[in-house]
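As stored in my_file-v1.tsv (TSV, C-alpha atoms and all ligand atoms):
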chain	number	residue	atom	x	y	z
A	1	MET	CA	-10.44	19.72	-0.69
A	2	LEU	CA	-9.17	16.44	0.72
A	3	THR	CA	-6.24	16.39	3.14
A	4	LEU	CA	-3.96	13.40	3.57
A	5	TYR	CA	-2.04	13.09	6.83
A	6	ASP	CA	0.95	11.40	5.41
A	7	ALA	CA	4.53	10.23	5.96
A	8	PRO	CA	6.84	9.54	3.01
A	9	ARG	CA	8.38	6.45	4.57
A	10	CYS	CA	5.02	4.87	5.42
A	11	PRO	CA	3.94	2.12	3.01
A	12	TYR	CA	0.34	2.34	4.25
A	13	CYS	CA	0.32	6.03	3.31
A	14	ALA	CA	1.76	5.00	-0.06
A	15	ARG	CA	-1.41	3.02	-0.75
A	16	ALA	CA	-3.46	6.22	-0.38
A	17	ARG	CA	-0.96	8.31	-2.36
A	18	ILE	CA	-1.03	5.84	-5.27
A	19	VAL	CA	-4.84	5.60	-5.42
A	20	LEU	CA	-5.19	9.40	-5.27
A	21	ALA	CA	-2.64	9.74	-8.08
A	22	GLU	CA	-4.30	7.06	-10.23
A	23	LYS	CA	-7.61	8.85	-9.91
A	24	GLY	CA	-6.16	12.31	-10.47
A	25	VAL	CA	-7.65	13.62	-7.24
A	26	GLU	CA	-6.25	16.90	-5.92
A	27	TYR	CA	-5.40	16.91	-2.25
A	28	GLU	CA	-3.29	18.62	0.35
A	29	THR	CA	-0.64	16.82	2.33
A	30	VAL	CA	0.14	17.31	6.00
A	31	GLU	CA	3.38	15.50	6.71
A	32	ILE	CA	3.58	13.79	10.08
A	33	ASP	CA	6.95	13.18	11.71
A	34	LEU	CA	6.67	9.54	12.76
A	35	ASN	CA	9.48	10.00	15.29
A	36	ASP	CA	7.69	12.87	16.98
A	37	ARG	CA	4.00	12.57	16.27
A	38	PRO	CA	1.84	15.55	17.24
A	39	ARG	CA	-0.65	14.81	20.02
A	40	TRP	CA	-3.51	16.10	17.86
A	41	ILE	CA	-3.15	13.20	15.43
A	42	TYR	CA	-4.93	11.06	18.09
A	43	GLU	CA	-7.99	13.27	17.65
A	44	LYS	CA	-8.07	12.26	13.99
A	45	ASN	CA	-7.19	8.60	14.54
A	46	SER	CA	-7.41	6.96	17.97
A	47	THR	CA	-4.39	4.74	17.12
A	48	GLY	CA	-2.28	7.81	16.30
A	49	ARG	CA	-1.30	6.27	12.97
A	50	VAL	CA	-1.16	7.56	9.44
A	51	PRO	CA	-2.59	7.64	6.84
A	52	VAL	CA	-5.66	9.65	7.71
A	53	LEU	CA	-7.86	11.21	5.06
A	54	GLU	CA	-9.82	14.31	6.00
A	55	GLU	CA	-12.51	16.35	4.34
A	56	GLY	CA	-13.84	19.20	6.47
A	57	ALA	CA	-14.80	17.71	9.83
A	58	TRP	CA	-14.86	14.17	8.45
A	59	VAL	CA	-11.86	11.91	9.00
A	60	LEU	CA	-11.07	8.42	7.78
A	61	PRO	CA	-8.10	6.32	8.97
A	62	GLU	CA	-6.95	2.84	7.82
A	63	SER	CA	-5.34	2.52	4.42
A	64	ALA	CA	-7.47	-0.41	3.21
A	65	VAL	CA	-10.67	1.49	4.02
A	66	ILE	CA	-9.30	4.70	2.50
A	67	MET	CA	-8.54	2.85	-0.75
A	68	GLU	CA	-12.08	1.45	-0.93
A	69	TYR	CA	-13.57	4.85	-0.08
A	70	LEU	CA	-11.61	6.54	-2.86
A	71	GLU	CA	-12.66	3.80	-5.28
A	72	GLU	CA	-16.33	4.42	-4.49
A	73	ARG	CA	-16.08	8.19	-4.41
A	74	TYR	CA	-14.00	8.46	-7.60
A	75	PRO	CA	-14.99	5.42	-9.67
A	76	ASP	CA	-12.93	6.40	-12.74
A	77	PRO	CA	-10.57	4.85	-13.57
A	78	ALA	CA	-11.84	1.68	-11.90
A	79	LEU	CA	-9.34	-0.01	-9.60
A	80	LEU	CA	-11.65	-2.90	-8.79
A	81	ALA	CA	-12.72	-5.23	-11.59
A	82	ALA	CA	-16.34	-5.37	-12.77
A	83	ASP	CA	-16.37	-9.11	-12.06
A	84	ALA	CA	-17.55	-9.92	-8.50
A	85	ALA	CA	-15.16	-12.85	-8.11
A	86	ALA	CA	-12.15	-10.69	-9.03
A	87	ARG	CA	-13.31	-7.99	-6.60
A	88	ALA	CA	-13.60	-10.60	-3.84
A	89	LEU	CA	-10.11	-11.91	-4.63
A	90	ALA	CA	-8.68	-8.37	-4.49
A	91	ARG	CA	-10.29	-7.88	-1.08
A	92	LEU	CA	-8.95	-11.23	0.13
A	93	TRP	CA	-5.38	-10.23	-0.79
A	94	ILE	CA	-5.83	-6.96	1.08
A	95	PHE	CA	-7.51	-8.65	4.08
A	96	ARG	CA	-4.62	-11.12	4.43
A	97	HIS	CA	-1.91	-8.58	3.86
A	98	ASP	CA	-0.36	-9.19	7.32
A	99	GLU	CA	0.83	-12.61	6.15
A	100	PHE	CA	3.11	-10.71	3.76
A	101	THR	CA	4.10	-7.75	5.90
A	102	SER	CA	4.86	-9.73	9.04
A	103	PRO	CA	7.97	-11.42	7.49
A	104	TYR	CA	8.86	-8.12	5.79
A	105	TYR	CA	9.08	-6.34	9.15
A	106	ALA	CA	10.90	-9.35	10.67
A	107	LEU	CA	13.44	-9.07	7.86
A	108	ARG	CA	13.80	-5.37	8.49
A	109	ARG	CA	14.49	-6.12	12.16
A	110	GLY	CA	17.10	-8.67	11.08
A	111	GLU	CA	15.36	-11.63	12.72
A	112	ASP	CA	16.63	-15.16	12.15
A	113	GLY	CA	14.73	-17.02	9.44
A	114	ALA	CA	12.97	-13.87	8.23
A	115	ALA	CA	14.62	-13.90	4.79
A	116	GLN	CA	13.26	-17.38	4.16
A	117	ARG	CA	9.81	-16.48	5.46
A	118	PHE	CA	9.72	-13.40	3.25
A	119	ASP	CA	10.87	-15.45	0.28
A	120	GLU	CA	7.98	-17.86	0.90
A	121	GLN	CA	5.62	-14.90	0.66
A	122	LEU	CA	7.24	-13.81	-2.59
A	123	ALA	CA	6.70	-17.36	-3.87
A	124	ARG	CA	3.01	-17.02	-2.98
A	125	LEU	CA	2.80	-13.80	-5.02
A	126	GLU	CA	4.76	-15.51	-7.80
A	127	GLY	CA	2.14	-18.29	-8.02
A	128	ALA	CA	-0.71	-15.80	-8.35
A	129	LEU	CA	1.06	-13.44	-10.74
A	130	ALA	CA	2.33	-16.25	-12.99
A	131	ARG	CA	-1.30	-17.15	-13.70
A	132	SER	CA	-2.67	-13.80	-14.86
A	133	GLY	CA	-0.18	-11.01	-14.20
A	134	TRP	CA	-2.42	-9.25	-11.65
A	135	LEU	CA	-3.28	-10.19	-8.09
A	136	ASP	CA	-7.06	-10.19	-8.64
A	137	GLY	CA	-6.60	-12.43	-11.69
A	138	VAL	CA	-8.08	-9.85	-14.07
A	139	GLN	CA	-6.69	-6.31	-13.98
A	140	TYR	CA	-4.39	-3.83	-12.27
A	141	GLY	CA	-6.03	-2.44	-9.18
A	142	LEU	CA	-6.33	-2.10	-5.43
A	143	ALA	CA	-4.73	-5.46	-4.58
A	144	ASP	CA	-1.59	-4.64	-6.57
A	145	ILE	CA	-1.50	-1.16	-5.02
A	146	ALA	CA	-1.92	-2.67	-1.55
A	147	TYR	CA	1.26	-4.76	-1.93
A	148	VAL	CA	3.61	-2.75	-4.13
A	149	PRO	CA	4.76	-0.24	-1.46
A	150	TRP	CA	6.44	-3.06	0.49
A	151	LEU	CA	8.02	-4.55	-2.65
A	152	LEU	CA	9.53	-1.18	-3.57
A	153	ARG	CA	10.90	-0.75	-0.05
A	154	ALA	CA	12.19	-4.34	0.13
A	155	ARG	CA	14.11	-3.80	-3.12
A	156	GLU	CA	15.46	-0.36	-2.24
A	157	SER	CA	16.16	-0.64	1.48
A	158	LEU	CA	16.53	-4.34	2.24
A	159	GLY	CA	18.40	-5.35	-0.92
A	160	VAL	CA	15.79	-7.97	-1.84
A	161	THR	CA	16.01	-9.17	-5.45
A	162	PHE	CA	13.29	-10.89	-7.41
A	163	ASP	CA	15.52	-12.99	-9.68
A	164	ALA	CA	14.02	-16.22	-8.33
A	165	HIS	CA	10.49	-14.89	-8.88
A	166	PRO	CA	10.22	-13.78	-12.52
A	167	ALA	CA	6.48	-13.10	-12.45
A	168	VAL	CA	6.95	-10.80	-9.45
A	169	ALA	CA	9.87	-9.06	-11.22
A	170	GLY	CA	7.79	-8.62	-14.40
A	171	TRP	CA	4.80	-7.35	-12.43
A	172	LEU	CA	6.97	-4.79	-10.64
A	173	GLU	CA	8.48	-3.68	-13.95
A	174	ARG	CA	5.00	-3.15	-15.43
A	175	LEU	CA	3.83	-1.37	-12.29
A	176	VAL	CA	6.67	1.17	-12.23
A	177	GLU	CA	5.77	2.15	-15.79
A	178	ARG	CA	2.63	3.70	-14.32
A	179	PRO	CA	3.21	7.35	-13.29
A	180	ALA	CA	1.45	6.82	-9.93
A	181	ILE	CA	3.80	3.96	-9.00
A	182	ALA	CA	6.87	5.65	-10.53
A	183	ALA	CA	6.17	8.62	-8.25
A	184	GLU	CA	6.12	6.29	-5.25
A	185	ALA	CA	9.37	4.64	-6.43
A	186	SER	CA	10.91	8.13	-6.40
A	187	VAL	CA	9.65	8.72	-2.85
A	188	VAL	CA	11.26	5.44	-1.79
A	189	ALA	CA	14.55	6.25	-3.56
A	190	ALA	CA	14.73	9.55	-1.66
A	191	LEU	CA	14.13	8.04	1.82
B	1	LIG	N1	-3.52	-0.43	9.80
B	1	LIG	C1	-2.98	0.88	9.51
B	1	LIG	C2	-1.50	0.85	9.77
B	1	LIG	C3	-0.87	2.24	9.59
B	1	LIG	C4	0.51	2.30	10.22
B	1	LIG	O1	0.98	1.34	10.86
B	1	LIG	N2	1.15	3.45	10.02
B	1	LIG	C5	2.43	3.67	10.65
B	1	LIG	C6	3.41	4.35	9.73
B	1	LIG	S1	3.86	3.27	8.41
B	1	LIG	C7	2.26	4.56	11.86
B	1	LIG	O2	1.56	5.55	11.80
B	1	LIG	N3	2.97	4.20	12.91
B	1	LIG	C8	2.99	4.96	14.10
B	1	LIG	C9	2.80	4.05	15.28
B	1	LIG	O3	2.58	2.85	15.11
B	1	LIG	O4	2.84	4.53	16.37
B	1	LIG	C10	-3.32	1.26	8.07
B	1	LIG	O5	-3.46	0.36	7.24
B	1	LIG	O6	-3.50	2.45	7.78

Show me the file's structure as structure tokens.
Amino acid sequence: MLTLYDAPRCPYCARARIVLAEKGVEYETVEIDLNDRPRWIYEKNSTGRVPVLEEGAWVLPESAVIMEYLEERYPDPALLAADAAARALARLWIFRHDEFTSPYYALRRGEDGAAQRFDEQLARLEGALARSGWLDGVQYGLADIAYVPWLLRARESLGVTFDAHPAVAGWLERLVERPAIAAEASVVAAL
């Protein structure tokens, strides 16, 4: 049985939750209080952060790596395209995710200019999604899952709207039709 060390408010944990749900993998959850983290979490991840996936004595931190591991271990349904170029593009979006999250966290902290910087990132997503509807250019998958937790939180907690970015709005609408993403939207609504 897999165990996920998890926190509902954590968007990185959401990536793991969504992939596990998409693949129908059973797992146990150990909820970590991010305001009062147990010391033992450092034995599972030297940074003390969640998510951490565990199976027996084996532990795996880092949401991007956890997503790829789950994709390899549970290949059906595929969340990376068969096409090598699309897979590379998905990985590029995930690799450069900080460009998106950095203005998100600045906005959350109420920093000057953050709203505009975040909007520029939404415009970048808009450009990609207007072309094909999915971040990898081909199909729903890991790249979409890697970004959607922040979009859900931006909408719910920061009052961000996507009116100026119709492809982003349409993408989000299609995503929340999926049970795995709808479940995450419910987690966010309950925060
Ligand atoms: N690079 C990590 C980031 C995980 C992360 O920042 N998790 C946050 C919760 S959302 C955390 O555990 N924060 C505790 C801390 O930074 O001390 C990943 O992708 O898994």

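Counting only C-alpha atoms and all ligand atoms and comparing A:Tyr74, A:Trp134, A:Tyr27, A:Phe95, the residue that lies closest to ligand LIG 1 (chain B) is A:Phe95.
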
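Neighbouring residues of ligand LIG 1 (chain B) at a cut-off of 7 Å, counting only C-alpha atoms and all ligand atoms, are Arg9, Cys10, Pro11, Tyr12, Cys13, Leu34, Gly48, Arg49, Val50, Pro51, Pro61, Glu62, Ser63 and Ala64 of chain A.
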
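Proximity of A:Glu126, A:Asp136, A:Asp119, A:Glu26 to Ala169 of chain A, computed with only C-alpha atoms, is greatest for A:Glu126.
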
Shell around segment 149-164 of chain A at 10 Å using only C-alpha atoms, local window under 4 positions removed, as a ChimeraX atom specification: /A:9-15,18,100-101,104-105,107-108,110,115,118-119,122-123,126,144-145,168-170,172,176,181,184-191

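One finds atom CA of Leu129 of chain A at 5.7 Å from atom CA of Ala167 of chain A.
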
Distance query 8 Å from (-9.3, 4.9, -15.8) using only C-alpha atoms, result as a list in words: Glu22, Lys23, Asp76, Pro77, Ala78 and Leu79 of chain A

Best match for closeness to Ile94 of chain A among A:Leu53, A:Ala128, A:Ile41, A:Ala143, counting all atoms listed in the file: A:Ala143

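Considering only C-alpha atoms, the residue among A:Arg178, A:Arg73, A:Lys44, A:Arg39 positioned nearest to Gly141 of chain A is A:Arg178.
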
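Taking atom CA of Gly127 of chain A and atom CA of Leu89 of chain A as the two end points, the separation is 14.2 Å.
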
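One distance worth recording is that between atom CA of Met67 of chain A and atom CA of Ala7 of chain A, which is 16.4 Å.
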
Ref. answer, residues at most 8 Å from (-10.9, -1.7, -8.5) with all atoms listed in the file, as a list in words: Glu71, Ala78, Leu79, Leu80, Ala81, Ala82, Arg87, Tyr140, Gly141 and Leu142 of chain A

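Each of A:Asp83, A:Glu68, A:Glu173, A:Asp6 was compared to Arg37 of chain A using all atoms listed in the file, and A:Asp6 turns out to be the nearest.
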
Residue with smallest distance to Val148 of chain A - pool A:Tyr69, A:Ser132, A:Ala86, A:Trp171, counting all atoms listed in the file: A:Trp171

Residue completion, segment 81-92 of chain A, all heavy atoms, as a compact mmCIF listing (two decimals), in the frame of the given file:
# COMPACT_ATOMS: atom_id res chain seq x y z
N ALA A 81 -12.16 -4.68 -10.36
CA ALA A 81 -12.72 -5.23 -11.59
C ALA A 81 -14.25 -5.22 -11.53
O ALA A 81 -14.85 -5.17 -10.46
CB ALA A 81 -12.21 -6.66 -11.78
N ALA A 82 -14.88 -5.30 -12.71
CA ALA A 82 -16.34 -5.37 -12.77
C ALA A 82 -16.82 -6.72 -12.24
O ALA A 82 -17.90 -6.83 -11.65
CB ALA A 82 -16.81 -5.16 -14.20
N ASP A 83 -16.02 -7.74 -12.43
CA ASP A 83 -16.37 -9.11 -12.06
C ASP A 83 -16.33 -9.28 -10.53
O ASP A 83 -15.32 -8.97 -9.89
CB ASP A 83 -15.35 -10.03 -12.75
CG ASP A 83 -15.50 -11.46 -12.32
OD1 ASP A 83 -16.60 -12.00 -12.51
OD2 ASP A 83 -14.53 -12.02 -11.77
N ALA A 84 -17.44 -9.80 -9.96
CA ALA A 84 -17.55 -9.92 -8.50
C ALA A 84 -16.49 -10.84 -7.92
O ALA A 84 -15.97 -10.58 -6.82
CB ALA A 84 -18.95 -10.40 -8.13
N ALA A 85 -16.16 -11.90 -8.64
CA ALA A 85 -15.16 -12.85 -8.11
C ALA A 85 -13.79 -12.18 -8.02
O ALA A 85 -13.04 -12.38 -7.06
CB ALA A 85 -15.12 -14.09 -8.99
N ALA A 86 -13.45 -11.39 -9.03
CA ALA A 86 -12.15 -10.69 -9.03
C ALA A 86 -12.12 -9.65 -7.91
O ALA A 86 -11.09 -9.46 -7.25
CB ALA A 86 -11.91 -10.04 -10.39
N ARG A 87 -13.25 -8.98 -7.69
CA ARG A 87 -13.31 -7.99 -6.60
C ARG A 87 -13.09 -8.69 -5.25
O ARG A 87 -12.38 -8.20 -4.39
CB ARG A 87 -14.66 -7.28 -6.58
CG ARG A 87 -14.91 -6.43 -7.80
CD ARG A 87 -16.38 -6.06 -7.89
NE ARG A 87 -16.72 -4.88 -7.13
CZ ARG A 87 -16.72 -3.65 -7.64
NH1 ARG A 87 -16.42 -3.47 -8.90
NH2 ARG A 87 -17.05 -2.62 -6.91
N ALA A 88 -13.75 -9.84 -5.10
CA ALA A 88 -13.60 -10.60 -3.84
C ALA A 88 -12.15 -11.03 -3.65
O ALA A 88 -11.61 -10.96 -2.54
CB ALA A 88 -14.53 -11.81 -3.85
N LEU A 89 -11.51 -11.47 -4.73
CA LEU A 89 -10.11 -11.91 -4.63
C LEU A 89 -9.21 -10.74 -4.26
O LEU A 89 -8.31 -10.87 -3.41
CB LEU A 89 -9.67 -12.56 -5.95
CG LEU A 89 -8.29 -13.20 -5.94
CD1 LEU A 89 -8.14 -14.23 -4.82
CD2 LEU A 89 -8.00 -13.87 -7.29
N ALA A 90 -9.46 -9.57 -4.85
CA ALA A 90 -8.68 -8.37 -4.49
C ALA A 90 -8.82 -8.09 -3.01
O ALA A 90 -7.84 -7.83 -2.30
CB ALA A 90 -9.16 -7.17 -5.32
N ARG A 91 -10.05 -8.17 -2.51
CA ARG A 91 -10.29 -7.88 -1.08
C ARG A 91 -9.62 -8.92 -0.19
O ARG A 91 -9.15 -8.61 0.90
CB ARG A 91 -11.80 -7.81 -0.82
CG ARG A 91 -12.41 -6.59 -1.47
CD ARG A 91 -13.90 -6.47 -1.16
NE ARG A 91 -14.39 -5.19 -1.66
CZ ARG A 91 -15.33 -5.06 -2.61
NH1 ARG A 91 -15.88 -6.13 -3.16
NH2 ARG A 91 -15.70 -3.87 -3.00
N LEU A 92 -9.60 -10.16 -0.65
CA LEU A 92 -8.95 -11.23 0.13
C LEU A 92 -7.45 -10.96 0.26
O LEU A 92 -6.88 -11.09 1.35
CB LEU A 92 -9.20 -12.58 -0.54
CG LEU A 92 -8.67 -13.80 0.20
CD1 LEU A 92 -9.31 -13.95 1.58
CD2 LEU A 92 -8.92 -15.07 -0.63
